[in-house]
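Single-structure report; data block below.
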Amino acid sequence: MKQTLTKQIDNWTTRLVLYPGDPVELLARKKVYLLGVVSVLVMVMFLTLLTWQLQLPILTRYGLALLVYFSISFTLQLILKKGLAWFIFANCSYSILLTFGVILQLGGIPNSGGLIFVGLVSVIYAMIYPSSRLLIWCFSLYVITLILEGLLHSYLTPPVEMTPDKNLLLFVLNSLWLSGTILLVILYVFAKETQIAKLKADRLLEMDQLKSRMFTNISHEFRTPLTLISGMAELIRENPNQKLQERSDVILRNANRVLRLVDQMLNLSRIEADAMPLQPVQSNIISFLRYVAGSFKGLSEHRKVKLHFLPDQPELVIDFDPEKLEELVGNLLSNALKYTLAGGDVYFSIHTTYLPKTESTIPEEQLLIKVRDTGIGIPPEDLSHIFERFYRVENAKTHYEEGSGIGLTLVREYVKLMHGSIEVQSKPGTGSEFTITLPITRNAPIQEPAFSADPMDELAPTPELEWPAMQEADNHLPQLLIIEDNPDVVQYLRLVLEDKFHLRIAHNGEEGIRDALEHIPDLILSDVMMPVKDGYEVCRTLKKDFRTSHIPIVLLTARADTTSRITGLELGADAYLTKPFHKKELIVCLRNLFVQREKLRIKYGASNHEPLEPTHTAGPDEQFIQNARSILEKNYADEHFGIDELYQALGISRVQLHRKLIALTGQSSSHYIRSFRLEKARQMLTDPNKTISEIAYQTGFSDANYFSRVFALEFGQPPSNLRNVNAPGA
Ligand code: ADP
């Protein structure tokens, strides 16, 4: 309650004194000044009433003069909201001089009822504004009046109405409120020091957050290209003659990506340090922007987003700085393409418009550059922040996209440099529209802009890097499904892994899930940040699905933080590799998982009857095997119990049973059931009282000959051999 009242008063005073653009500190001083004046007015009003009651006309007139003056000064300050130093200067000078005159009229310092302190308080009030000149002026004025009052004392006569009692009363009252004021000022100075310390701490914290935001974003941005550069360089070193052109292209493209980011950061600091002048040329801006839009053709095709270039006229010759305009528009276009899902549209339109100028009647010609997309949009709470340095909207839809959070900051700075303005309108789920308004001038030398050789080419995938087609199965190699959206990374992974695995490639999470469910690969390697569905979603879906829960999943990501790693592992990922990863690390990781899977096959195999983990700790795969085993345990003696009965008892389909058993044990359903029975039979052979035919019958084989044949196939020798071995005395 108390807090809200103080806050309300604070808001109210802020509204009263705030002049647009006031720094926080000046605002705080103005508020203190205002409160000071109000308290003076209240006190003076009270003392004036008192002196009127005490019939001391000199002091009543003095009080009224102060009231009138301070009321005017107060009102003026509220109207002007500026010139705090001048107000303090005038108020202090007026109070000191007026008080000096009244003390003389009252017959000098001893008879003035303590008015001498008024000058002192004025000096203290002057401290509200941090100017030593102002303070020295007020103090000197006060000291001079004090000396004069001392020197003139013997020439002065006190008025009769100022009796010693009234003098004492006023002296006590004046001393009281003046000491109160001094106390308040000291408290204010303390509070201000704390506030300044807090402001400093806040600023440091903000800088710290900015720095960590920068490091997180930048390291993400650097990881993928650096992984590719070092990986490809390693492959070249190992095999200098193989696919040299292709591999060095990947290195170059990714080195350019890193360079571009570094350039962006340098440009940003150069603009902020005012060290980046505009270098305009006068040329046809429409053809230049058409060329810039054209450079995004590859990227837009790759992302399956249509890019429409819509100028309202074929030619417009005006001043522009080609390099900066390309960077500016490039950032907007790449964002629009990046944050629009496949099938969406990006409209890049150019208009001219005339804005009526306020001072003159000549209308000002303006250029409007609009980039509108039908993408994911920006939540309203983030809209005011997106132009901040290193700010990125963090939500499920954007976090798969890598980015530095510099692009829009640079855009805003370029627009400022070009004396223009930028506006953004956006609705989550509908799309965003960025509108840049630039003044049109025609003063620069007429010149063709220097078109850069291949703008933004590192953003677009090269034609030979189109998505590789699904390969036909090669039965000798384990099948590995790679889910990755970056063609360079896919290419690198293919080079590293193609001789060790039969590869399948999916471009995003959704496609990956579909492929995994259809083909049940042996291993999955998935990127985390991907369009449509990310790696976490892949993990969550496939690990929950009975058909795919056994497939080891390796998550590959640029996110090195522990939280991301834990999220991945919690969702069931079997391993988590952070970019930049070493080629061998990846191969060893995949091989280990594959070997583990093989070991599990032996463990889950029908001939292994060792108990599995207790049910409460078992995963879906163990539970499945456990259920299958306990059903078979109850039914293996029944010769009519077969595949149909098993899948029905497990509550799944025949195909699901088959796929799952193949994946977990390497055996088909019929093979699994038969192996289970044969293992039981092998155990029974140790009982010398049972004949082989009896054993065959008791393990569900109606034909003893058939039993012996399959037994020999399974264990490499007929049951009679084992019977001999196990026979007593053998
Ligand atoms: P980034 O490198 O992350 O793209 P930017 O400074 O270019 O950095 O953009 C800042 C943030 O603004 C982005 O992270 C993104 O969340 C949001 N953003 C920018 N443009 C768009 C757009 N066209 N649609 C949706 N979100 C956008």
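Letters A, B, ... mark the chains of the structure tokens in the order given; residue numbers begin at 1 per chain; ligand numbers begin at 1, in order shown.
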For stretch 313-326 of chain A, find every residue with an atom within 8 Å (counting only C-alpha atoms), except residues of its own chain fewer than 4 positions away, and show them as a PyMOL selection string.
chain A and resi 278-289+292+330+351+414+440-444+449-451
Looking at only C-alpha atoms and all ligand atoms, which of A:Arg504, A:Arg213, A:Lys416, A:Lys533 is the one that sits closest to ligand 1?
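Selected residue with least distance to ligand 1: A:Arg213.
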Tell me, as a ChimeraX atom specification, which residues lie within 10 Å of A:Thr51, counting only C-alpha atoms; anything in the same chain fewer than 4 positions away does not count.
/A:46-47,55-63,166,170
Selection file, all heavy atoms, as an mmCIF file, in the first residue's frame:
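Saved result, again.cif, follows:
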```cif
data_model
loop_
_atom_site.group_PDB
_atom_site.id
_atom_site.type_symbol
_atom_site.label_atom_id
_atom_site.label_comp_id
_atom_site.auth_asym_id
_atom_site.auth_seq_id
_atom_site.Cartn_x
_atom_site.Cartn_y
_atom_site.Cartn_z
ATOM 1 N N PHE A 46 2.734 28.677 6.541
ATOM 2 C CA PHE A 46 2.467 28.524 7.965
ATOM 3 C C PHE A 46 3.086 29.681 8.769
ATOM 4 O O PHE A 46 2.437 30.311 9.608
ATOM 5 C CB PHE A 46 3.041 27.161 8.430
ATOM 6 C CG PHE A 46 3.088 26.996 9.915
ATOM 7 C CD1 PHE A 46 1.914 26.798 10.655
ATOM 8 C CD2 PHE A 46 4.295 27.069 10.609
ATOM 9 C CE1 PHE A 46 1.969 26.663 12.035
ATOM 10 C CE2 PHE A 46 4.343 26.938 11.983
ATOM 11 C CZ PHE A 46 3.168 26.725 12.699
ATOM 12 N N LEU A 47 4.346 30.012 8.468
ATOM 13 C CA LEU A 47 5.034 31.073 9.222
ATOM 14 C C LEU A 47 4.404 32.443 8.941
ATOM 15 O O LEU A 47 4.332 33.301 9.819
ATOM 16 C CB LEU A 47 6.517 31.088 8.863
ATOM 17 C CG LEU A 47 7.307 29.919 9.487
ATOM 18 C CD1 LEU A 47 8.722 29.842 8.940
ATOM 19 C CD2 LEU A 47 7.358 30.064 11.009
ATOM 20 N N GLN A 55 1.251 39.788 14.803
ATOM 21 C CA GLN A 55 1.285 41.208 14.399
ATOM 22 C C GLN A 55 2.718 41.699 14.167
ATOM 23 O O GLN A 55 3.204 42.624 14.799
ATOM 24 C CB GLN A 55 0.577 42.066 15.452
ATOM 25 C CG GLN A 55 -0.878 41.688 15.507
ATOM 26 C CD GLN A 55 -1.661 42.500 16.517
ATOM 27 O OE1 GLN A 55 -1.082 43.148 17.390
ATOM 28 N NE2 GLN A 55 -2.958 42.470 16.397
ATOM 29 N N LEU A 56 3.375 40.952 13.234
ATOM 30 C CA LEU A 56 4.730 41.349 12.830
ATOM 31 C C LEU A 56 4.685 41.644 11.333
ATOM 32 O O LEU A 56 4.988 40.790 10.490
ATOM 33 C CB LEU A 56 5.727 40.207 13.104
ATOM 34 C CG LEU A 56 5.961 39.848 14.577
ATOM 35 C CD1 LEU A 56 6.733 38.545 14.707
ATOM 36 C CD2 LEU A 56 6.716 40.966 15.283
ATOM 37 N N PRO A 57 4.206 42.850 10.936
ATOM 38 C CA PRO A 57 3.943 43.121 9.519
ATOM 39 C C PRO A 57 5.156 42.946 8.610
ATOM 40 O O PRO A 57 5.016 42.511 7.464
ATOM 41 C CB PRO A 57 3.466 44.578 9.520
ATOM 42 C CG PRO A 57 3.846 45.127 10.850
ATOM 43 C CD PRO A 57 3.946 43.993 11.810
ATOM 44 N N ILE A 58 6.371 43.271 9.119
ATOM 45 C CA ILE A 58 7.555 43.136 8.239
ATOM 46 C C ILE A 58 7.707 41.679 7.797
ATOM 47 O O ILE A 58 7.899 41.368 6.616
ATOM 48 C CB ILE A 58 8.845 43.592 8.977
ATOM 49 C CG1 ILE A 58 8.712 45.063 9.370
ATOM 50 C CG2 ILE A 58 10.078 43.364 8.107
ATOM 51 C CD1 ILE A 58 9.832 45.594 10.236
ATOM 52 N N LEU A 59 7.566 40.784 8.796
ATOM 53 C CA LEU A 59 7.737 39.358 8.472
ATOM 54 C C LEU A 59 6.573 38.818 7.633
ATOM 55 O O LEU A 59 6.754 37.950 6.785
ATOM 56 C CB LEU A 59 7.880 38.538 9.759
ATOM 57 C CG LEU A 59 9.276 38.629 10.379
ATOM 58 C CD1 LEU A 59 9.333 37.947 11.727
ATOM 59 C CD2 LEU A 59 10.320 38.003 9.451
ATOM 60 N N THR A 60 5.348 39.340 7.875
ATOM 61 C CA THR A 60 4.207 38.892 7.064
ATOM 62 C C THR A 60 4.430 39.281 5.601
ATOM 63 O O THR A 60 4.218 38.476 4.688
ATOM 64 C CB THR A 60 2.902 39.525 7.579
ATOM 65 O OG1 THR A 60 2.843 39.324 8.978
ATOM 66 C CG2 THR A 60 1.679 38.908 6.925
ATOM 67 N N ARG A 61 4.885 40.510 5.373
ATOM 68 C CA ARG A 61 5.150 40.962 3.997
ATOM 69 C C ARG A 61 6.255 40.094 3.361
ATOM 70 O O ARG A 61 6.174 39.693 2.209
ATOM 71 C CB ARG A 61 5.598 42.440 4.007
ATOM 72 C CG ARG A 61 4.428 43.423 4.089
ATOM 73 C CD ARG A 61 4.859 44.818 3.622
ATOM 74 N NE ARG A 61 5.962 45.351 4.400
ATOM 75 C CZ ARG A 61 5.832 46.017 5.568
ATOM 76 N NH1 ARG A 61 4.622 46.240 6.079
ATOM 77 N NH2 ARG A 61 6.878 46.463 6.224
ATOM 78 N N TYR A 62 7.279 39.802 4.234
ATOM 79 C CA TYR A 62 8.402 38.960 3.758
ATOM 80 C C TYR A 62 7.869 37.583 3.314
ATOM 81 O O TYR A 62 8.184 37.077 2.234
ATOM 82 C CB TYR A 62 9.410 38.830 4.902
ATOM 83 C CG TYR A 62 10.464 37.757 4.718
ATOM 84 C CD1 TYR A 62 11.473 37.874 3.752
ATOM 85 C CD2 TYR A 62 10.485 36.625 5.549
ATOM 86 C CE1 TYR A 62 12.441 36.897 3.620
ATOM 87 C CE2 TYR A 62 11.460 35.648 5.416
ATOM 88 C CZ TYR A 62 12.443 35.787 4.447
ATOM 89 O OH TYR A 62 13.412 34.824 4.318
ATOM 90 N N GLY A 63 6.999 37.022 4.164
ATOM 91 C CA GLY A 63 6.414 35.705 3.853
ATOM 92 C C GLY A 63 5.633 35.754 2.551
ATOM 93 O O GLY A 63 5.767 34.872 1.688
ATOM 94 N N LYS A 166 8.678 37.035 21.111
ATOM 95 C CA LYS A 166 8.340 36.689 19.720
ATOM 96 C C LYS A 166 9.620 36.293 18.971
ATOM 97 O O LYS A 166 9.632 35.349 18.164
ATOM 98 C CB LYS A 166 7.694 37.887 19.014
ATOM 99 C CG LYS A 166 6.299 38.194 19.530
ATOM 100 C CD LYS A 166 5.743 39.391 18.768
ATOM 101 C CE LYS A 166 4.395 39.828 19.350
ATOM 102 N NZ LYS A 166 3.935 41.080 18.744
ATOM 103 N N LEU A 170 10.132 32.701 17.152
ATOM 104 C CA LEU A 170 10.441 32.559 15.724
ATOM 105 C C LEU A 170 11.804 31.906 15.513
ATOM 106 O O LEU A 170 11.988 31.106 14.590
ATOM 107 C CB LEU A 170 10.412 33.933 15.049
ATOM 108 C CG LEU A 170 9.004 34.482 14.846
ATOM 109 C CD1 LEU A 170 9.053 35.909 14.326
ATOM 110 C CD2 LEU A 170 8.233 33.616 13.840
#
```
A:Ser404 surroundings by only C-alpha atoms, 7 Å radius, close-in-sequence under 6 positions cut, as JSON, numbers by chain:
{"A": [217, 218, 221, 390]}
Counting only C-alpha atoms, the residue of A:Ile436, A:Leu259, A:Cys589, A:Ala637 that sits nearest A:Arg674
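Nearest candidate to A:Arg674 out of A:Ile436, A:Leu259, A:Cys589, A:Ala637: A:Ala637.
Distances from A:Pro277, A:Pro130, A:Gly344, A:Pro164 to ligand 1 were compared using only C-alpha atoms and all ligand atoms, and the smallest one belongs to A:Gly344.
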Could you name the residues that touch stretch 543-545 of chain A at 8 Å or less, counting only C-alpha atoms, but leaving out those on the same chain fewer than 5 positions away, as a VMD selection string?
chain A and resid 550 to 551 571 to 572
